[in-house]
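K.L.:
File data_18.csv below, CSV, C-alpha atoms:
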chain,number,residue,atom,x,y,z
A,120,MET,CA,0.0,0.0,0.0
A,121,ALA,CA,2.9,2.4,0.9
A,122,MET,CA,4.6,1.6,-2.4
A,123,TYR,CA,1.3,2.3,-4.3
A,124,THR,CA,1.0,5.6,-2.5
A,125,VAL,CA,4.5,6.6,-3.5
A,126,LEU,CA,3.9,5.6,-7.1
A,127,VAL,CA,0.7,7.7,-7.2
A,128,ILE,CA,2.5,10.7,-5.8
A,129,LEU,CA,5.3,10.3,-8.4
A,130,CYS,CA,2.7,10.2,-11.2
A,131,CYS,CA,0.9,13.3,-9.8
A,132,LEU,CA,4.1,15.5,-9.4
A,133,GLN,CA,4.2,18.2,-12.1
A,134,ALA,CA,8.0,17.9,-12.5
A,135,THR,CA,8.2,18.8,-16.2
A,136,VAL,CA,6.5,21.4,-18.3
A,137,ALA,CA,7.0,21.4,-22.1
A,138,LEU,CA,5.2,23.9,-24.3
A,139,TYR,CA,5.7,26.5,-27.0
A,140,PHE,CA,4.1,29.9,-27.3
A,141,HIS,CA,4.1,32.9,-29.7
A,142,ILE,CA,5.2,36.4,-28.7
A,143,GLY,CA,5.6,39.7,-30.6
A,144,GLU,CA,8.6,42.0,-30.6
A,145,THR,CA,7.7,43.8,-27.4
A,146,GLU,CA,5.6,41.2,-25.8
A,147,ARG,CA,6.3,39.5,-22.5
A,148,LYS,CA,5.1,36.1,-21.3
A,149,CYS,CA,5.0,35.0,-17.7
A,150,PHE,CA,4.4,31.6,-16.2
A,151,ILE,CA,3.7,30.6,-12.6
A,152,GLU,CA,5.3,27.5,-11.2
A,153,GLU,CA,4.5,26.2,-7.7
A,154,ILE,CA,7.9,25.0,-6.4
A,155,PRO,CA,8.9,23.6,-3.0
A,156,ASP,CA,11.8,25.2,-1.2
A,157,GLU,CA,15.4,24.3,-1.9
A,158,THR,CA,14.5,22.8,-5.2
A,159,MET,CA,16.5,23.2,-8.4
A,160,VAL,CA,14.7,24.3,-11.6
A,161,VAL,CA,16.2,24.1,-15.1
A,162,GLY,CA,14.6,25.7,-18.1
A,163,THR,CA,15.6,25.2,-21.7
A,164,TYR,CA,14.3,27.2,-24.6
A,165,LYS,CA,14.7,27.7,-28.3
A,166,VAL,CA,13.4,30.7,-30.3
A,167,GLU,CA,12.2,30.6,-33.9
A,168,MET,CA,11.2,33.5,-36.1
A,169,PHE,CA,8.4,33.6,-38.6
A,170,ASP,CA,9.6,34.0,-42.2
A,171,ASN,CA,7.1,35.7,-44.5
A,172,ASP,CA,8.8,34.3,-47.6
A,173,VAL,CA,8.5,30.6,-46.7
A,174,LYS,CA,5.4,31.1,-44.4
A,175,ALA,CA,7.0,29.1,-41.6
A,176,PHE,CA,9.0,29.4,-38.5
A,177,VAL,CA,12.8,29.2,-39.1
A,178,PRO,CA,15.9,29.5,-36.9
A,179,THR,CA,16.5,33.1,-35.7
A,180,LYS,CA,19.0,35.5,-37.0
A,181,SER,CA,22.2,36.3,-35.2
A,182,GLY,CA,21.8,38.9,-32.4
A,183,LEU,CA,18.3,37.8,-31.2
A,184,GLY,CA,18.2,37.0,-27.6
A,185,MET,CA,15.8,36.3,-24.8
A,186,HIS,CA,15.6,38.1,-21.4
A,187,VAL,CA,14.6,36.0,-18.5
A,188,ASP,CA,13.7,37.2,-15.1
A,189,ILE,CA,12.4,35.1,-12.2
A,190,ARG,CA,10.7,36.3,-8.9
A,191,ASP,CA,10.0,34.3,-5.8
A,192,PRO,CA,6.7,34.3,-3.8
A,193,ASP,CA,7.9,37.4,-1.9
A,194,ASP,CA,8.4,39.2,-5.2
A,195,GLN,CA,12.1,39.2,-4.8
A,196,LEU,CA,14.2,39.0,-8.0
A,197,ILE,CA,16.0,35.7,-8.2
A,198,LEU,CA,17.3,35.9,-11.8
A,199,ALA,CA,17.5,38.6,-14.4
A,200,ARG,CA,19.7,37.9,-17.4
A,201,THR,CA,19.7,38.1,-21.2
A,202,TYR,CA,20.5,34.9,-23.1
A,203,ALA,CA,21.0,33.9,-26.7
A,204,ALA,CA,18.2,32.7,-29.0
A,205,GLU,CA,18.7,29.1,-27.6
A,206,GLY,CA,19.9,28.2,-24.2
A,207,ARG,CA,19.0,27.3,-20.6
A,208,PHE,CA,18.6,29.0,-17.3
A,209,THR,CA,19.0,27.5,-13.8
A,210,PHE,CA,17.9,28.6,-10.4
A,211,THR,CA,17.2,27.1,-6.9
A,212,SER,CA,14.1,28.1,-5.0
A,213,HIS,CA,14.7,29.2,-1.4
A,214,THR,CA,11.1,29.9,-0.6
A,215,ALA,CA,8.2,27.5,-1.2
A,216,GLY,CA,5.3,28.9,-3.3
A,217,GLU,CA,4.5,30.4,-6.6
A,218,HIS,CA,7.5,31.5,-8.7
A,219,VAL,CA,6.9,33.8,-11.7
A,220,ILE,CA,9.1,33.1,-14.8
A,221,CYS,CA,8.9,35.8,-17.4
A,222,LEU,CA,10.5,35.9,-20.9
A,223,ASN,CA,10.7,38.6,-23.5
A,224,SER,CA,12.9,39.2,-26.6
A,225,ASN,CA,15.7,41.9,-26.7
A,226,SER,CA,13.8,43.8,-29.3
A,227,SER,CA,16.7,46.1,-30.0
A,228,ALA,CA,18.5,43.2,-31.8
A,229,TRP,CA,15.9,42.8,-34.5
A,230,PHE,CA,13.6,45.1,-36.5
A,231,ASN,CA,11.1,42.8,-38.1
A,232,SER,CA,7.9,43.1,-36.2
A,233,GLY,CA,6.9,39.5,-36.9
A,234,GLN,CA,6.2,36.7,-34.6
A,235,LEU,CA,8.4,34.5,-32.5
A,236,ARG,CA,7.8,31.0,-31.4
A,237,VAL,CA,9.5,30.0,-28.2
A,238,HIS,CA,9.8,26.3,-27.2
A,239,LEU,CA,10.1,26.1,-23.4
A,240,ASP,CA,10.8,23.1,-21.2
A,241,ILE,CA,10.9,23.5,-17.4
A,242,ASN,CA,12.2,20.7,-15.3
A,243,VAL,CA,11.8,20.7,-11.5
A,244,GLY,CA,13.6,18.6,-8.8
A,245,GLU,CA,15.3,15.4,-9.8
A,246,HIS,CA,14.1,15.9,-13.4
A,247,ALA,CA,16.4,18.9,-13.6
A,248,VAL,CA,19.5,16.7,-12.9
A,249,ASP,CA,21.5,15.4,-15.8
A,250,TYR,CA,22.3,11.9,-14.4
A,251,GLN,CA,24.4,11.0,-17.4
A,252,GLN,CA,26.8,13.8,-16.4
A,253,VAL,CA,26.6,12.8,-12.8
A,254,GLN,CA,27.5,9.2,-13.7
A,255,ALA,CA,30.5,10.3,-15.7
A,256,LYS,CA,31.7,12.8,-13.1
A,257,ASP,CA,31.4,10.6,-10.1
A,258,LYS,CA,32.2,7.3,-12.0
A,259,LEU,CA,29.0,5.6,-10.7
A,260,THR,CA,27.8,2.1,-11.8
A,261,GLU,CA,24.3,1.6,-13.2
A,262,LEU,CA,23.2,0.3,-9.8
A,263,GLN,CA,24.7,3.3,-7.9
A,264,LEU,CA,23.2,5.7,-10.4
A,265,ARG,CA,19.8,4.1,-9.9
A,266,VAL,CA,20.1,4.3,-6.1
A,267,ARG,CA,21.1,8.0,-6.5
A,268,GLN,CA,18.0,8.7,-8.6
A,269,LEU,CA,15.7,6.9,-6.1
A,270,LEU,CA,17.2,8.9,-3.2
A,271,ASP,CA,16.6,12.1,-5.1
A,272,GLN,CA,13.1,11.1,-5.9
A,273,VAL,CA,12.4,10.4,-2.2
A,274,GLU,CA,13.9,13.7,-1.3
A,275,GLN,CA,11.7,15.5,-3.8
A,276,ILE,CA,8.6,13.7,-2.6
A,277,THR,CA,9.4,14.8,1.0
A,278,LYS,CA,9.7,18.4,-0.2
A,279,GLU,CA,6.4,18.2,-2.1
A,280,GLN,CA,4.7,16.8,1.0
A,281,ASN,CA,6.1,19.6,3.1
A,282,TYR,CA,4.9,22.1,0.6
A,283,GLN,CA,1.4,20.6,0.5
A,284,ARG,CA,1.3,20.7,4.3
A,285,TYR,CA,2.4,24.4,4.2
A,286,ARG,CA,-0.4,25.1,1.7
A,287,GLU,CA,-3.0,23.3,3.8
A,288,GLU,CA,-1.9,25.3,6.9
A,289,ARG,CA,-2.2,28.6,5.0
A,290,PHE,CA,-5.6,27.6,3.7
A,291,ARG,CA,-6.7,26.7,7.2
A,292,GLN,CA,-5.5,30.1,8.5
A,293,THR,CA,-7.3,31.9,5.7
A,294,SER,CA,-10.5,30.0,6.4
A,295,GLU,CA,-10.3,30.6,10.1
A,296,SER,CA,-9.7,34.3,9.5
A,297,THR,CA,-12.6,34.5,7.1
A,298,ASN,CA,-14.9,32.7,9.5
A,299,GLN,CA,-13.9,35.1,12.3
A,300,ARG,CA,-14.6,38.2,10.1
A,301,VAL,CA,-18.0,36.8,9.1
A,302,LEU,CA,-18.8,36.2,12.8
A,303,TRP,CA,-17.8,39.7,13.9
A,304,TRP,CA,-19.6,41.2,11.0
A,305,SER,CA,-22.8,39.3,12.0
A,306,ILE,CA,-22.4,40.5,15.6
A,307,ALA,CA,-21.8,44.1,14.4
A,308,GLN,CA,-25.0,43.9,12.2
A,309,THR,CA,-27.0,42.6,15.2
A,310,LEU,CA,-25.7,45.4,17.4
A,311,ILE,CA,-26.5,48.0,14.7
A,312,LEU,CA,-30.1,46.6,14.4
A,313,LEU,CA,-30.5,46.7,18.2
A,314,VAL,CA,-29.2,50.2,18.5
A,315,THR,CA,-31.4,51.4,15.5
A,316,GLY,CA,-34.5,49.7,17.0
A,317,PHE,CA,-33.9,51.2,20.4
A,318,TRP,CA,-33.4,54.7,18.8
A,319,GLN,CA,-36.6,54.3,16.8
A,320,ILE,CA,-38.5,53.4,20.0
A,321,GLN,CA,-37.1,56.4,21.7
A,322,GLN,CA,-38.1,58.7,18.8
A,323,ILE,CA,-41.6,57.2,18.7
A,324,GLN,CA,-42.0,57.6,22.4
A,325,SER,CA,-40.8,61.2,22.2
A,326,PHE,CA,-43.3,61.9,19.4
A,327,PHE,CA,-46.2,60.5,21.3
A,328,GLU,CA,-45.2,62.5,24.5
A,329,ALA,CA,-44.9,65.7,22.4
A,330,LYS,CA,-48.4,65.1,20.9
A,331,LYS,CA,-49.7,64.2,24.4
A,332,LEU,CA,-50.9,60.9,23.2
A,333,VAL,CA,-49.5,59.1,26.1
What would you get if you wrote out this structure as structure tokens?

P.N.:
Amino acid sequence: MAMYTVLVILCCLQATVALYFHIGETERKCFIEEIPDETMVVGTYKVEMFDNDVKAFVPTKSGLGMHVDIRDPDDQLILARTYAAEGRFTFTSHTAGEHVICLNSNSSAWFNSGQLRVHLDINVGEHAVDYQQVQAKDKLTELQLRVRQLLDQVEQITKEQNYQRYREERFRQTSESTNQRVLWWSIAQTLILLVTGFWQIQQIQSFFEAKKLV
């Protein structure tokens, strides 16, 4: 049962995001990634430019680059750098939560206001590790490499579980705060109604006394 739970968690982890999108010359695209703390993230991208002559996307001309900036959940800038038309960026999260990854072209390098296609792959956790390089660097056997991968996966699962507990705690705090505000608002409404009713009774009583009806 425990092994089945681990396998389900592994299947549910969103460790890799692969997509492509179109941007204009001055356009900016941002993506939100929920990342646990102390987790490595590697993004690889490739930019293509639309050629009106062949009516297709082709490799970009020399000089075109992409600017990447990344902010953590506290809106602190983690990375801000301009890369070439094809490359990769790497960062490590220090705070769990939603990280904002933004990309835009360095428009000063090109003057054709056409369209760009950006292929983007984002790998999180152990999926961001190049195990072939690790095996060659540390001279590991296949068994040792597999054990290393399993240990990294267990560590990533632990980080994901801690992050989910953190999200549940924040949700519970928000729910409790909302419930308290609703309760106090109901009490305030009740008090306002009581005060208004008492004031109306006083006014009616004063009116009757002024008219000598009572």

K.L.:
Need the shell around range 195-211 of chain A: protein/DNA/RNA residues with any atom at most 7 Å away, counting only C-alpha atoms. Skip same-chain ones fewer than 3 positions apart. Format as a list in words?

P.N.:
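Counting only C-alpha atoms, the residues come to Glu157, Thr158, Met159, Val160, Val161, Gly162, Thr163, Tyr164, Lys165, Val166, Thr179, Leu183, Gly184, Met185, His186, Val187, Asp188, Ile189, Arg190 and Asp191 of chain A.
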
K.L.:
Counting all atoms listed in the file, which residue out of A:Glu245, A:Glu274, A:Asp172, A:Asp156 sits closest to Ser212 in chain A?

P.N.:
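Comparing A:Glu245, A:Glu274, A:Asp172, A:Asp156 against Ser212 in chain A, the winner is A:Asp156.
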
K.L.:
Could you tell me which of A:Ile241, A:Gly182, A:Leu235, A:Gln251 comes closest to Phe150 in chain A if we count only C-alpha atoms?

P.N.:
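Ranked by minimum distance to Phe150 in chain A, first place goes to A:Ile241.
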
K.L.:
Skip range 151-155 of chain A itself and residues of its chain fewer than 5 positions away, then list as a list in words all residues within 7 Å of it, counting only C-alpha atoms.

P.N.:
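That gives Ala215, Gly216, Glu217, His218, Val219, Ile220, Lys278, Glu279 and Tyr282 of chain A.
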
K.L.:
Near Val237 in chain A, counting all atoms listed in the file, which residues have an atom at most 9 Å away, once you skip same-chain residues fewer than 3 positions from it, shown as a PDB file with C-alpha atoms, in the coordinates of the input?

P.N.:
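See around_30.pdb below for the written result:
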ATOM      1  CA  LEU A 138       5.200  23.900 -24.300  1.00  0.00           C
ATOM      2  CA  TYR A 139       5.700  26.500 -27.000  1.00  0.00           C
ATOM      3  CA  PHE A 140       4.100  29.900 -27.300  1.00  0.00           C
ATOM      4  CA  HIS A 141       4.100  32.900 -29.700  1.00  0.00           C
ATOM      5  CA  ILE A 142       5.200  36.400 -28.700  1.00  0.00           C
ATOM      6  CA  TYR A 164      14.300  27.200 -24.600  1.00  0.00           C
ATOM      7  CA  LYS A 165      14.700  27.700 -28.300  1.00  0.00           C
ATOM      8  CA  VAL A 166      13.400  30.700 -30.300  1.00  0.00           C
ATOM      9  CA  GLU A 167      12.200  30.600 -33.900  1.00  0.00           C
ATOM     10  CA  MET A 168      11.200  33.500 -36.100  1.00  0.00           C
TER      11      MET A 168
END

K.L.:
When you count only C-alpha atoms, which of these residues is closest to Ile276 in chain A: A:Leu310, A:Val301, A:Leu222, A:Val243?

P.N.:
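Ranking A:Leu310, A:Val301, A:Leu222, A:Val243 by distance to Ile276 in chain A, first place goes to A:Val243.
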
K.L.:
What does the structure give for the distance between CA of Lys330 in chain A and CA of Gly316 in chain A, in Å to one decimal?

P.N.:
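Calculated distance between CA of Lys330 in chain A and CA of Gly316 in chain A is 21.1 Å.
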
K.L.:
For range 140-159 of chain A, where the input has fewer atoms than it should, I would like N, CA and C atoms rebuilt and written as an mmCIF file, in the frame of the given file.

P.N.:
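Written out: out-v6.cif:
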data_model
loop_
_atom_site.group_PDB
_atom_site.id
_atom_site.type_symbol
_atom_site.label_atom_id
_atom_site.label_comp_id
_atom_site.auth_asym_id
_atom_site.auth_seq_id
_atom_site.Cartn_x
_atom_site.Cartn_y
_atom_site.Cartn_z
ATOM 1 N N PHE A 140 5.030 28.803 -27.239
ATOM 2 C CA PHE A 140 4.100 29.900 -27.300
ATOM 3 C C PHE A 140 4.644 30.955 -28.276
ATOM 4 N N HIS A 141 3.763 31.860 -28.694
ATOM 5 C CA HIS A 141 4.100 32.900 -29.700
ATOM 6 C C HIS A 141 4.143 34.250 -28.940
ATOM 7 N N ILE A 142 5.111 35.067 -29.276
ATOM 8 C CA ILE A 142 5.200 36.400 -28.700
ATOM 9 C C ILE A 142 5.576 37.375 -29.850
ATOM 10 N N GLY A 143 5.201 38.643 -29.670
ATOM 11 C CA GLY A 143 5.600 39.700 -30.600
ATOM 12 C C GLY A 143 6.899 40.331 -30.173
ATOM 13 N N GLU A 144 7.259 41.394 -30.880
ATOM 14 C CA GLU A 144 8.600 42.000 -30.600
ATOM 15 C C GLU A 144 8.693 42.582 -29.228
ATOM 16 N N THR A 145 7.664 43.227 -28.734
ATOM 17 C CA THR A 145 7.700 43.800 -27.400
ATOM 18 C C THR A 145 6.896 43.085 -26.379
ATOM 19 N N GLU A 146 6.436 41.904 -26.744
ATOM 20 C CA GLU A 146 5.600 41.200 -25.800
ATOM 21 C C GLU A 146 6.360 40.481 -24.738
ATOM 22 N N ARG A 147 5.660 40.173 -23.670
ATOM 23 C CA ARG A 147 6.300 39.500 -22.500
ATOM 24 C C ARG A 147 5.340 38.434 -22.009
ATOM 25 N N LYS A 148 5.892 37.260 -21.810
ATOM 26 C CA LYS A 148 5.100 36.100 -21.300
ATOM 27 C C LYS A 148 5.615 35.704 -19.967
ATOM 28 N N CYS A 149 4.665 35.445 -19.060
ATOM 29 C CA CYS A 149 5.000 35.000 -17.700
ATOM 30 C C CYS A 149 4.298 33.716 -17.374
ATOM 31 N N PHE A 150 4.967 32.889 -16.610
ATOM 32 C CA PHE A 150 4.400 31.600 -16.200
ATOM 33 C C PHE A 150 4.589 31.480 -14.682
ATOM 34 N N ILE A 151 3.613 30.856 -14.037
ATOM 35 C CA ILE A 151 3.700 30.600 -12.600
ATOM 36 C C ILE A 151 3.918 29.164 -12.317
ATOM 37 N N GLU A 152 4.962 28.912 -11.545
ATOM 38 C CA GLU A 152 5.300 27.500 -11.200
ATOM 39 C C GLU A 152 5.276 27.444 -9.640
ATOM 40 N N GLU A 153 4.525 26.472 -9.126
ATOM 41 C CA GLU A 153 4.500 26.200 -7.700
ATOM 42 C C GLU A 153 5.684 25.263 -7.386
ATOM 43 N N ILE A 154 6.651 25.759 -6.612
ATOM 44 C CA ILE A 154 7.900 25.000 -6.400
ATOM 45 C C ILE A 154 8.163 24.928 -4.903
ATOM 46 N N PRO A 155 8.527 23.747 -4.402
ATOM 47 C CA PRO A 155 8.900 23.600 -3.000
ATOM 48 C C PRO A 155 10.228 24.388 -2.736
ATOM 49 N N ASP A 156 10.563 24.557 -1.475
ATOM 50 C CA ASP A 156 11.800 25.200 -1.200
ATOM 51 C C ASP A 156 13.015 24.346 -1.419
ATOM 52 N N GLU A 157 14.154 24.997 -1.641
ATOM 53 C CA GLU A 157 15.400 24.300 -1.900
ATOM 54 C C GLU A 157 15.308 23.278 -3.007
ATOM 55 N N THR A 158 14.697 23.687 -4.093
ATOM 56 C CA THR A 158 14.500 22.800 -5.200
ATOM 57 C C THR A 158 15.132 23.441 -6.478
ATOM 58 N N MET A 159 15.899 22.647 -7.206
ATOM 59 C CA MET A 159 16.500 23.200 -8.400
ATOM 60 C C MET A 159 15.583 23.110 -9.591
#
